[in-house]
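The structure file upload-v3.pdb is reproduced below (PDB, C-alpha atoms, pLDDT in the B column).
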```
ATOM      1  CA  MET A   1      -2.534  -6.734 -17.084  1.00 40.00           C
ATOM      2  CA  MET A   2       1.097  -5.595 -17.073  1.00 39.00           C
ATOM      3  CA  ASN A   3       2.692  -2.183 -16.592  1.00 42.00           C
ATOM      4  CA  ARG A   4       6.395  -2.668 -17.127  1.00 56.00           C
ATOM      5  CA  LYS A   5       7.317  -4.602 -13.988  1.00 82.00           C
ATOM      6  CA  THR A   6       3.903  -4.352 -12.332  1.00 89.00           C
ATOM      7  CA  THR A   7       1.327  -7.122 -12.691  1.00 91.00           C
ATOM      8  CA  ILE A   8      -2.370  -6.586 -11.917  1.00 92.00           C
ATOM      9  CA  ILE A   9      -4.724  -9.501 -11.229  1.00 92.00           C
ATOM     10  CA  LYS A  10      -8.434  -9.016 -10.516  1.00 91.00           C
ATOM     11  CA  ASN A  11     -10.215 -12.042  -9.096  1.00 92.00           C
ATOM     12  CA  HIS A  12     -13.959 -11.387  -8.969  1.00 89.00           C
ATOM     13  CA  GLU A  13     -14.727 -14.789  -7.477  1.00 92.00           C
ATOM     14  CA  ARG A  14     -12.447 -14.110  -4.491  1.00 93.00           C
ATOM     15  CA  ARG A  15     -13.170 -10.330  -4.540  1.00 93.00           C
ATOM     16  CA  GLU A  16      -9.449  -9.579  -4.678  1.00 95.00           C
ATOM     17  CA  LEU A  17      -7.148  -7.153  -6.385  1.00 94.00           C
ATOM     18  CA  ILE A  18      -3.534  -8.307  -6.539  1.00 94.00           C
ATOM     19  CA  VAL A  19      -0.785  -5.882  -7.535  1.00 93.00           C
ATOM     20  CA  GLU A  20       2.756  -7.243  -7.814  1.00 95.00           C
ATOM     21  CA  ARG A  21       6.042  -5.662  -8.765  1.00 93.00           C
ATOM     22  CA  LEU A  22       9.594  -6.893  -8.993  1.00 93.00           C
ATOM     23  CA  VAL A  23      11.726  -4.168  -7.442  1.00 91.00           C
ATOM     24  CA  ALA A  24      15.468  -4.054  -8.003  1.00 90.00           C
ATOM     25  CA  ILE A  25      16.267  -3.658  -4.306  1.00 92.00           C
ATOM     26  CA  PRO A  26      17.074  -6.143  -1.519  1.00 94.00           C
ATOM     27  CA  ARG A  27      14.167  -7.411   0.585  1.00 95.00           C
ATOM     28  CA  THR A  28      15.490  -5.850   3.806  1.00 95.00           C
ATOM     29  CA  ILE A  29      15.507  -2.425   2.133  1.00 94.00           C
ATOM     30  CA  ALA A  30      12.027  -2.943   0.656  1.00 95.00           C
ATOM     31  CA  TRP A  31      10.726  -3.937   4.104  1.00 96.00           C
ATOM     32  CA  GLN A  32      12.265  -0.889   5.776  1.00 95.00           C
ATOM     33  CA  GLY A  33      10.868   1.342   3.052  1.00 94.00           C
ATOM     34  CA  TRP A  34       7.380  -0.023   3.724  1.00 96.00           C
ATOM     35  CA  THR A  35       7.519  -0.011   7.540  1.00 96.00           C
ATOM     36  CA  LYS A  36       9.389   3.176   8.470  1.00 95.00           C
ATOM     37  CA  PRO A  37       7.456   6.478   8.352  1.00 93.00           C
ATOM     38  CA  GLU A  38      10.573   8.451   7.427  1.00 93.00           C
ATOM     39  CA  HIS A  39      10.654   6.466   4.173  1.00 95.00           C
ATOM     40  CA  ILE A  40       6.966   5.990   3.449  1.00 94.00           C
ATOM     41  CA  THR A  41       6.273   9.723   3.292  1.00 94.00           C
ATOM     42  CA  HIS A  42       8.513   9.917   0.214  1.00 94.00           C
ATOM     43  CA  TRP A  43       6.699   7.362  -1.941  1.00 94.00           C
ATOM     44  CA  TRP A  44       3.310   6.264  -0.554  1.00 94.00           C
ATOM     45  CA  GLY A  45       0.372   7.054  -2.796  1.00 92.00           C
ATOM     46  CA  PRO A  46      -0.129   7.891  -6.454  1.00 91.00           C
ATOM     47  CA  ARG A  47       2.187  10.266  -8.300  1.00 90.00           C
ATOM     48  CA  ASN A  48       1.377  13.902  -7.608  1.00 92.00           C
ATOM     49  CA  TRP A  49       0.041  13.067  -4.137  1.00 94.00           C
ATOM     50  CA  THR A  50       1.858  13.679  -0.852  1.00 95.00           C
ATOM     51  CA  ALA A  51       1.677  11.374   2.158  1.00 95.00           C
ATOM     52  CA  THR A  52       1.707  12.548   5.765  1.00 96.00           C
ATOM     53  CA  VAL A  53       2.136   9.875   8.446  1.00 97.00           C
ATOM     54  CA  TYR A  54       0.625  10.653  11.842  1.00 97.00           C
ATOM     55  CA  GLU A  55       1.309   7.285  13.449  1.00 97.00           C
ATOM     56  CA  MET A  56       2.933   4.054  12.298  1.00 97.00           C
ATOM     57  CA  ASP A  57       3.181   1.246  14.841  1.00 97.00           C
ATOM     58  CA  VAL A  58       4.077  -1.848  12.801  1.00 98.00           C
ATOM     59  CA  ARG A  59       3.063  -4.711  15.114  1.00 98.00           C
ATOM     60  CA  PRO A  60      -0.089  -6.785  15.613  1.00 98.00           C
ATOM     61  CA  GLN A  61      -2.868  -4.417  16.783  1.00 98.00           C
ATOM     62  CA  GLY A  62      -0.604  -1.465  15.921  1.00 98.00           C
ATOM     63  CA  VAL A  63      -2.079   1.433  13.973  1.00 98.00           C
ATOM     64  CA  TRP A  64      -0.908   3.324  10.899  1.00 98.00           C
ATOM     65  CA  ARG A  65      -2.673   6.648  10.368  1.00 98.00           C
ATOM     66  CA  TYR A  66      -1.920   8.685   7.273  1.00 97.00           C
ATOM     67  CA  ARG A  67      -3.262  11.367   4.985  1.00 96.00           C
ATOM     68  CA  LEU A  68      -2.860  11.689   1.231  1.00 95.00           C
ATOM     69  CA  ASP A  69      -3.113  15.127  -0.394  1.00 96.00           C
ATOM     70  CA  ALA A  70      -3.326  15.792  -4.118  1.00 94.00           C
ATOM     71  CA  ASN A  71      -0.511  18.191  -4.974  1.00 95.00           C
ATOM     72  CA  ASP A  72      -2.915  20.314  -7.039  1.00 95.00           C
ATOM     73  CA  GLY A  73      -5.212  20.789  -4.034  1.00 93.00           C
ATOM     74  CA  THR A  74      -8.103  18.783  -5.509  1.00 94.00           C
ATOM     75  CA  GLY A  75      -8.352  16.146  -2.805  1.00 92.00           C
ATOM     76  CA  THR A  76      -7.444  14.879   0.637  1.00 95.00           C
ATOM     77  CA  VAL A  77      -7.939  11.350   1.927  1.00 94.00           C
ATOM     78  CA  PHE A  78      -7.503  10.213   5.539  1.00 97.00           C
ATOM     79  CA  CYS A  79      -6.820   6.530   6.148  1.00 96.00           C
ATOM     80  CA  GLN A  80      -6.131   4.215   9.039  1.00 97.00           C
ATOM     81  CA  ALA A  81      -4.697   0.725   8.942  1.00 97.00           C
ATOM     82  CA  VAL A  82      -4.746  -1.702  11.862  1.00 98.00           C
ATOM     83  CA  TYR A  83      -2.192  -4.509  11.644  1.00 98.00           C
ATOM     84  CA  SER A  84      -3.287  -8.051  12.453  1.00 98.00           C
ATOM     85  CA  GLU A  85      -0.114  -9.867  11.398  1.00 98.00           C
ATOM     86  CA  VAL A  86       3.508  -8.787  11.015  1.00 98.00           C
ATOM     87  CA  VAL A  87       6.159 -11.290   9.940  1.00 98.00           C
ATOM     88  CA  GLU A  88       9.475  -9.440   9.858  1.00 97.00           C
ATOM     89  CA  LEU A  89      10.854  -9.032   6.310  1.00 97.00           C
ATOM     90  CA  SER A  90       8.065 -11.170   4.813  1.00 98.00           C
ATOM     91  CA  LYS A  91       4.458 -10.193   5.444  1.00 98.00           C
ATOM     92  CA  LEU A  92       2.119  -7.459   6.647  1.00 98.00           C
ATOM     93  CA  VAL A  93      -1.611  -7.996   7.087  1.00 98.00           C
ATOM     94  CA  TYR A  94      -3.860  -5.075   7.962  1.00 98.00           C
ATOM     95  CA  VAL A  95      -7.328  -3.675   7.531  1.00 97.00           C
ATOM     96  CA  ASP A  96      -7.073  -0.344   5.727  1.00 95.00           C
ATOM     97  CA  SER A  97     -10.029   2.042   6.042  1.00 94.00           C
ATOM     98  CA  MET A  98     -10.821   5.485   4.756  1.00 93.00           C
ATOM     99  CA  THR A  99     -11.638   7.774   7.683  1.00 96.00           C
ATOM    100  CA  ASP A 100     -12.751  11.274   8.473  1.00 96.00           C
ATOM    101  CA  GLU A 101     -10.201  13.743   9.865  1.00 94.00           C
ATOM    102  CA  ASN A 102     -10.928  12.403  13.393  1.00 95.00           C
ATOM    103  CA  TRP A 103      -9.949   8.850  12.353  1.00 95.00           C
ATOM    104  CA  ASN A 104     -13.504   7.508  12.379  1.00 94.00           C
ATOM    105  CA  ALA A 105     -13.730   4.784   9.723  1.00 92.00           C
ATOM    106  CA  MET A 106     -16.205   5.355   6.917  1.00 92.00           C
ATOM    107  CA  ASP A 107     -18.809   2.621   6.553  1.00 89.00           C
ATOM    108  CA  GLY A 108     -17.984   0.103   3.866  1.00 85.00           C
ATOM    109  CA  SER A 109     -14.403   1.282   3.347  1.00 87.00           C
ATOM    110  CA  ASP A 110     -12.573  -1.561   5.137  1.00 92.00           C
ATOM    111  CA  MET A 111     -10.139  -3.442   2.914  1.00 93.00           C
ATOM    112  CA  LEU A 112      -8.217  -6.455   4.162  1.00 96.00           C
ATOM    113  CA  THR A 113      -4.720  -5.973   2.765  1.00 97.00           C
ATOM    114  CA  THR A 114      -1.810  -8.409   2.704  1.00 98.00           C
ATOM    115  CA  VAL A 115       1.635  -7.264   1.581  1.00 98.00           C
ATOM    116  CA  THR A 116       4.322  -9.889   1.023  1.00 98.00           C
ATOM    117  CA  PHE A 117       8.022  -9.512   0.295  1.00 98.00           C
ATOM    118  CA  SER A 118       9.959 -12.363  -1.326  1.00 97.00           C
ATOM    119  CA  ASP A 119      13.473 -12.676  -2.726  1.00 96.00           C
ATOM    120  CA  THR A 120      13.970 -12.992  -6.474  1.00 92.00           C
ATOM    121  CA  GLU A 121      17.044 -12.996  -8.685  1.00 91.00           C
ATOM    122  CA  GLN A 122      16.181  -9.421  -9.695  1.00 87.00           C
ATOM    123  CA  GLY A 123      15.661  -8.176  -6.121  1.00 92.00           C
ATOM    124  CA  THR A 124      12.328  -8.393  -4.313  1.00 95.00           C
ATOM    125  CA  LYS A 125       8.808  -9.273  -5.366  1.00 95.00           C
ATOM    126  CA  VAL A 126       6.349  -7.038  -3.523  1.00 96.00           C
ATOM    127  CA  SER A 127       2.788  -8.321  -3.677  1.00 96.00           C
ATOM    128  CA  ILE A 128      -0.265  -6.404  -2.418  1.00 95.00           C
ATOM    129  CA  THR A 129      -3.484  -8.407  -2.134  1.00 97.00           C
ATOM    130  CA  THR A 130      -6.565  -6.384  -1.263  1.00 95.00           C
ATOM    131  CA  HIS A 131      -9.695  -8.328  -0.355  1.00 96.00           C
ATOM    132  CA  PHE A 132     -13.031  -6.558  -0.728  1.00 92.00           C
ATOM    133  CA  ALA A 133     -16.349  -7.246   1.001  1.00 89.00           C
ATOM    134  CA  SER A 134     -18.124  -7.436  -2.374  1.00 88.00           C
ATOM    135  CA  VAL A 135     -17.484  -7.426  -6.108  1.00 90.00           C
ATOM    136  CA  LYS A 136     -19.221  -4.032  -6.164  1.00 90.00           C
ATOM    137  CA  GLN A 137     -16.658  -2.646  -3.699  1.00 89.00           C
ATOM    138  CA  LEU A 138     -13.833  -4.045  -5.880  1.00 89.00           C
ATOM    139  CA  GLU A 139     -15.321  -2.398  -8.983  1.00 89.00           C
ATOM    140  CA  GLU A 140     -15.800   0.920  -7.129  1.00 88.00           C
ATOM    141  CA  ALA A 141     -12.161   0.855  -5.976  1.00 87.00           C
ATOM    142  CA  GLU A 142     -11.037   0.251  -9.547  1.00 87.00           C
ATOM    143  CA  ALA A 143     -13.245   3.103 -10.807  1.00 87.00           C
ATOM    144  CA  MET A 144     -11.681   5.409  -8.186  1.00 85.00           C
ATOM    145  CA  GLY A 145      -8.228   4.663  -9.630  1.00 86.00           C
ATOM    146  CA  MET A 146      -6.911   2.127  -7.136  1.00 89.00           C
ATOM    147  CA  ILE A 147      -5.069   0.101  -9.795  1.00 88.00           C
ATOM    148  CA  GLU A 148      -3.269   3.165 -11.140  1.00 89.00           C
ATOM    149  CA  GLY A 149      -2.615   4.346  -7.590  1.00 88.00           C
ATOM    150  CA  TYR A 150      -0.999   1.069  -6.514  1.00 90.00           C
ATOM    151  CA  THR A 151       0.978   0.921  -9.766  1.00 89.00           C
ATOM    152  CA  ASP A 152       2.303   4.456  -9.178  1.00 91.00           C
ATOM    153  CA  THR A 153       2.988   3.652  -5.528  1.00 91.00           C
ATOM    154  CA  LEU A 154       5.120   0.597  -6.277  1.00 91.00           C
ATOM    155  CA  GLU A 155       7.038   2.462  -8.987  1.00 91.00           C
ATOM    156  CA  ARG A 156       7.670   5.302  -6.526  1.00 92.00           C
ATOM    157  CA  LEU A 157       8.800   2.797  -3.859  1.00 91.00           C
ATOM    158  CA  GLU A 158      11.415   1.371  -6.191  1.00 90.00           C
ATOM    159  CA  GLU A 159      12.582   4.781  -7.445  1.00 91.00           C
ATOM    160  CA  TYR A 160      12.917   6.179  -3.922  1.00 91.00           C
ATOM    161  CA  LEU A 161      14.658   3.160  -2.410  1.00 88.00           C
ATOM    162  CA  GLN A 162      17.120   2.799  -5.295  1.00 86.00           C
ATOM    163  CA  LEU A 163      18.300   6.310  -4.475  1.00 85.00           C
ATOM    164  CA  HIS A 164      18.385   5.754  -0.681  1.00 78.00           C
ATOM    165  CA  GLN A 165      19.685   2.246  -0.102  1.00 69.00           C
TER     166      GLN A 165
END
```

Can you give me the file's structure in the form of structure tokens?
Amino acid sequence: MMNRKTTIIKNHERRELIVERLVAIPRTIAWQGWTKPEHITHWWGPRNWTATVYEMDVRPQGVWRYRLDANDGTGTVFCQAVYSEVVELSKLVYVDSMTDENWNAMDGSDMLTTVTFSDTEQGTKVSITTHFASVKQLEEAEAMGMIEGYTDTLERLEEYLQLHQ
């Protein structure tokens, strides 16, 4: 599946969703945009949603806590990610979980997520691989709009960083 510069790959056998985008920005800028809360609040999440970052400690065992609010007031989602691997300018690995407002993870919401950044002639290839516990969880995430959300998010990342590099 392709949305302009965004590629979507669903692998049921591996229970993975892979979303990739070539962004016309240098890798160092893409990395900073993804790892600095002052940037992430401007682009994280689907269009017409606003991100609030409560904590973002980008290091192994560090925690990223954030909230997404629909701009029309129809929804709020609290999430927490715990980093297991951080390779400067190249790779982030974390478990992302939906939580309640007290940061207690909801059962069955853990998603192992790997984000990689690699140089291309056009700029940077950003790849998000989300691994699910089951095919059912993958299908539920897709039904909730995760593919559209990641597609919007990567478009917003590129738009924001092109204006602020």

Resolved residues for the PyMOL selection byres ((chain A and resi 27) around 12) as a ChimeraX atom specification: /A:22-26,28-34,88-91,116-126,158,161,165

Using C-alpha atoms, can you export the residues from the last selection as a PDB file, in the coordinates of the input?
```pdb
ATOM      1  CA  LEU A  22       9.594  -6.893  -8.993  1.00 93.00           C
ATOM      2  CA  VAL A  23      11.726  -4.168  -7.442  1.00 91.00           C
ATOM      3  CA  ALA A  24      15.468  -4.054  -8.003  1.00 90.00           C
ATOM      4  CA  ILE A  25      16.267  -3.658  -4.306  1.00 92.00           C
ATOM      5  CA  PRO A  26      17.074  -6.143  -1.519  1.00 94.00           C
ATOM      6  CA  THR A  28      15.490  -5.850   3.806  1.00 95.00           C
ATOM      7  CA  ILE A  29      15.507  -2.425   2.133  1.00 94.00           C
ATOM      8  CA  ALA A  30      12.027  -2.943   0.656  1.00 95.00           C
ATOM      9  CA  TRP A  31      10.726  -3.937   4.104  1.00 96.00           C
ATOM     10  CA  GLN A  32      12.265  -0.889   5.776  1.00 95.00           C
ATOM     11  CA  GLY A  33      10.868   1.342   3.052  1.00 94.00           C
ATOM     12  CA  TRP A  34       7.380  -0.023   3.724  1.00 96.00           C
ATOM     13  CA  GLU A  88       9.475  -9.440   9.858  1.00 97.00           C
ATOM     14  CA  LEU A  89      10.854  -9.032   6.310  1.00 97.00           C
ATOM     15  CA  SER A  90       8.065 -11.170   4.813  1.00 98.00           C
ATOM     16  CA  LYS A  91       4.458 -10.193   5.444  1.00 98.00           C
ATOM     17  CA  THR A 116       4.322  -9.889   1.023  1.00 98.00           C
ATOM     18  CA  PHE A 117       8.022  -9.512   0.295  1.00 98.00           C
ATOM     19  CA  SER A 118       9.959 -12.363  -1.326  1.00 97.00           C
ATOM     20  CA  ASP A 119      13.473 -12.676  -2.726  1.00 96.00           C
ATOM     21  CA  THR A 120      13.970 -12.992  -6.474  1.00 92.00           C
ATOM     22  CA  GLU A 121      17.044 -12.996  -8.685  1.00 91.00           C
ATOM     23  CA  GLN A 122      16.181  -9.421  -9.695  1.00 87.00           C
ATOM     24  CA  GLY A 123      15.661  -8.176  -6.121  1.00 92.00           C
ATOM     25  CA  THR A 124      12.328  -8.393  -4.313  1.00 95.00           C
ATOM     26  CA  LYS A 125       8.808  -9.273  -5.366  1.00 95.00           C
ATOM     27  CA  VAL A 126       6.349  -7.038  -3.523  1.00 96.00           C
ATOM     28  CA  GLU A 158      11.415   1.371  -6.191  1.00 90.00           C
ATOM     29  CA  LEU A 161      14.658   3.160  -2.410  1.00 88.00           C
ATOM     30  CA  GLN A 165      19.685   2.246  -0.102  1.00 69.00           C
TER      31      GLN A 165
END
```

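Once range 48-64 of chain A and its same-chain neighbours fewer than 4 positions away are set aside, Thr35, Lys36, Pro37, Ile40, Thr41, His42, Trp43, Trp44, Leu68, Asp69, Ala70, Asn71, Asp72, Gln80, Ala81, Val82, Tyr83, Ser84, Glu85 and Val86 of chain A remain within 8 Å of it when counting only C-alpha atoms.
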
Write a file of the just-selected residues containing C-alpha atoms, as a PDB file, in the frame of the given file.
```pdb
ATOM      1  CA  THR A  35       7.519  -0.011   7.540  1.00 96.00           C
ATOM      2  CA  LYS A  36       9.389   3.176   8.470  1.00 95.00           C
ATOM      3  CA  PRO A  37       7.456   6.478   8.352  1.00 93.00           C
ATOM      4  CA  ILE A  40       6.966   5.990   3.449  1.00 94.00           C
ATOM      5  CA  THR A  41       6.273   9.723   3.292  1.00 94.00           C
ATOM      6  CA  HIS A  42       8.513   9.917   0.214  1.00 94.00           C
ATOM      7  CA  TRP A  43       6.699   7.362  -1.941  1.00 94.00           C
ATOM      8  CA  TRP A  44       3.310   6.264  -0.554  1.00 94.00           C
ATOM      9  CA  LEU A  68      -2.860  11.689   1.231  1.00 95.00           C
ATOM     10  CA  ASP A  69      -3.113  15.127  -0.394  1.00 96.00           C
ATOM     11  CA  ALA A  70      -3.326  15.792  -4.118  1.00 94.00           C
ATOM     12  CA  ASN A  71      -0.511  18.191  -4.974  1.00 95.00           C
ATOM     13  CA  ASP A  72      -2.915  20.314  -7.039  1.00 95.00           C
ATOM     14  CA  GLN A  80      -6.131   4.215   9.039  1.00 97.00           C
ATOM     15  CA  ALA A  81      -4.697   0.725   8.942  1.00 97.00           C
ATOM     16  CA  VAL A  82      -4.746  -1.702  11.862  1.00 98.00           C
ATOM     17  CA  TYR A  83      -2.192  -4.509  11.644  1.00 98.00           C
ATOM     18  CA  SER A  84      -3.287  -8.051  12.453  1.00 98.00           C
ATOM     19  CA  GLU A  85      -0.114  -9.867  11.398  1.00 98.00           C
ATOM     20  CA  VAL A  86       3.508  -8.787  11.015  1.00 98.00           C
TER      21      VAL A  86
END
```

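Taking CA of Tyr160 in chain A and CA of Ser109 in chain A as the two end points, the separation is 28.7 Å.
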
Pairwise distance, CA of Val115 in chain A with CA of Ile128 in chain A, equals 4.5 Å

Return as a ChimeraX atom specification the set of residues that the PyMOL selection byres ((chain A and resi 99) around 9) yields on the displayed structure. /A:77-80,97-98,100-107,109
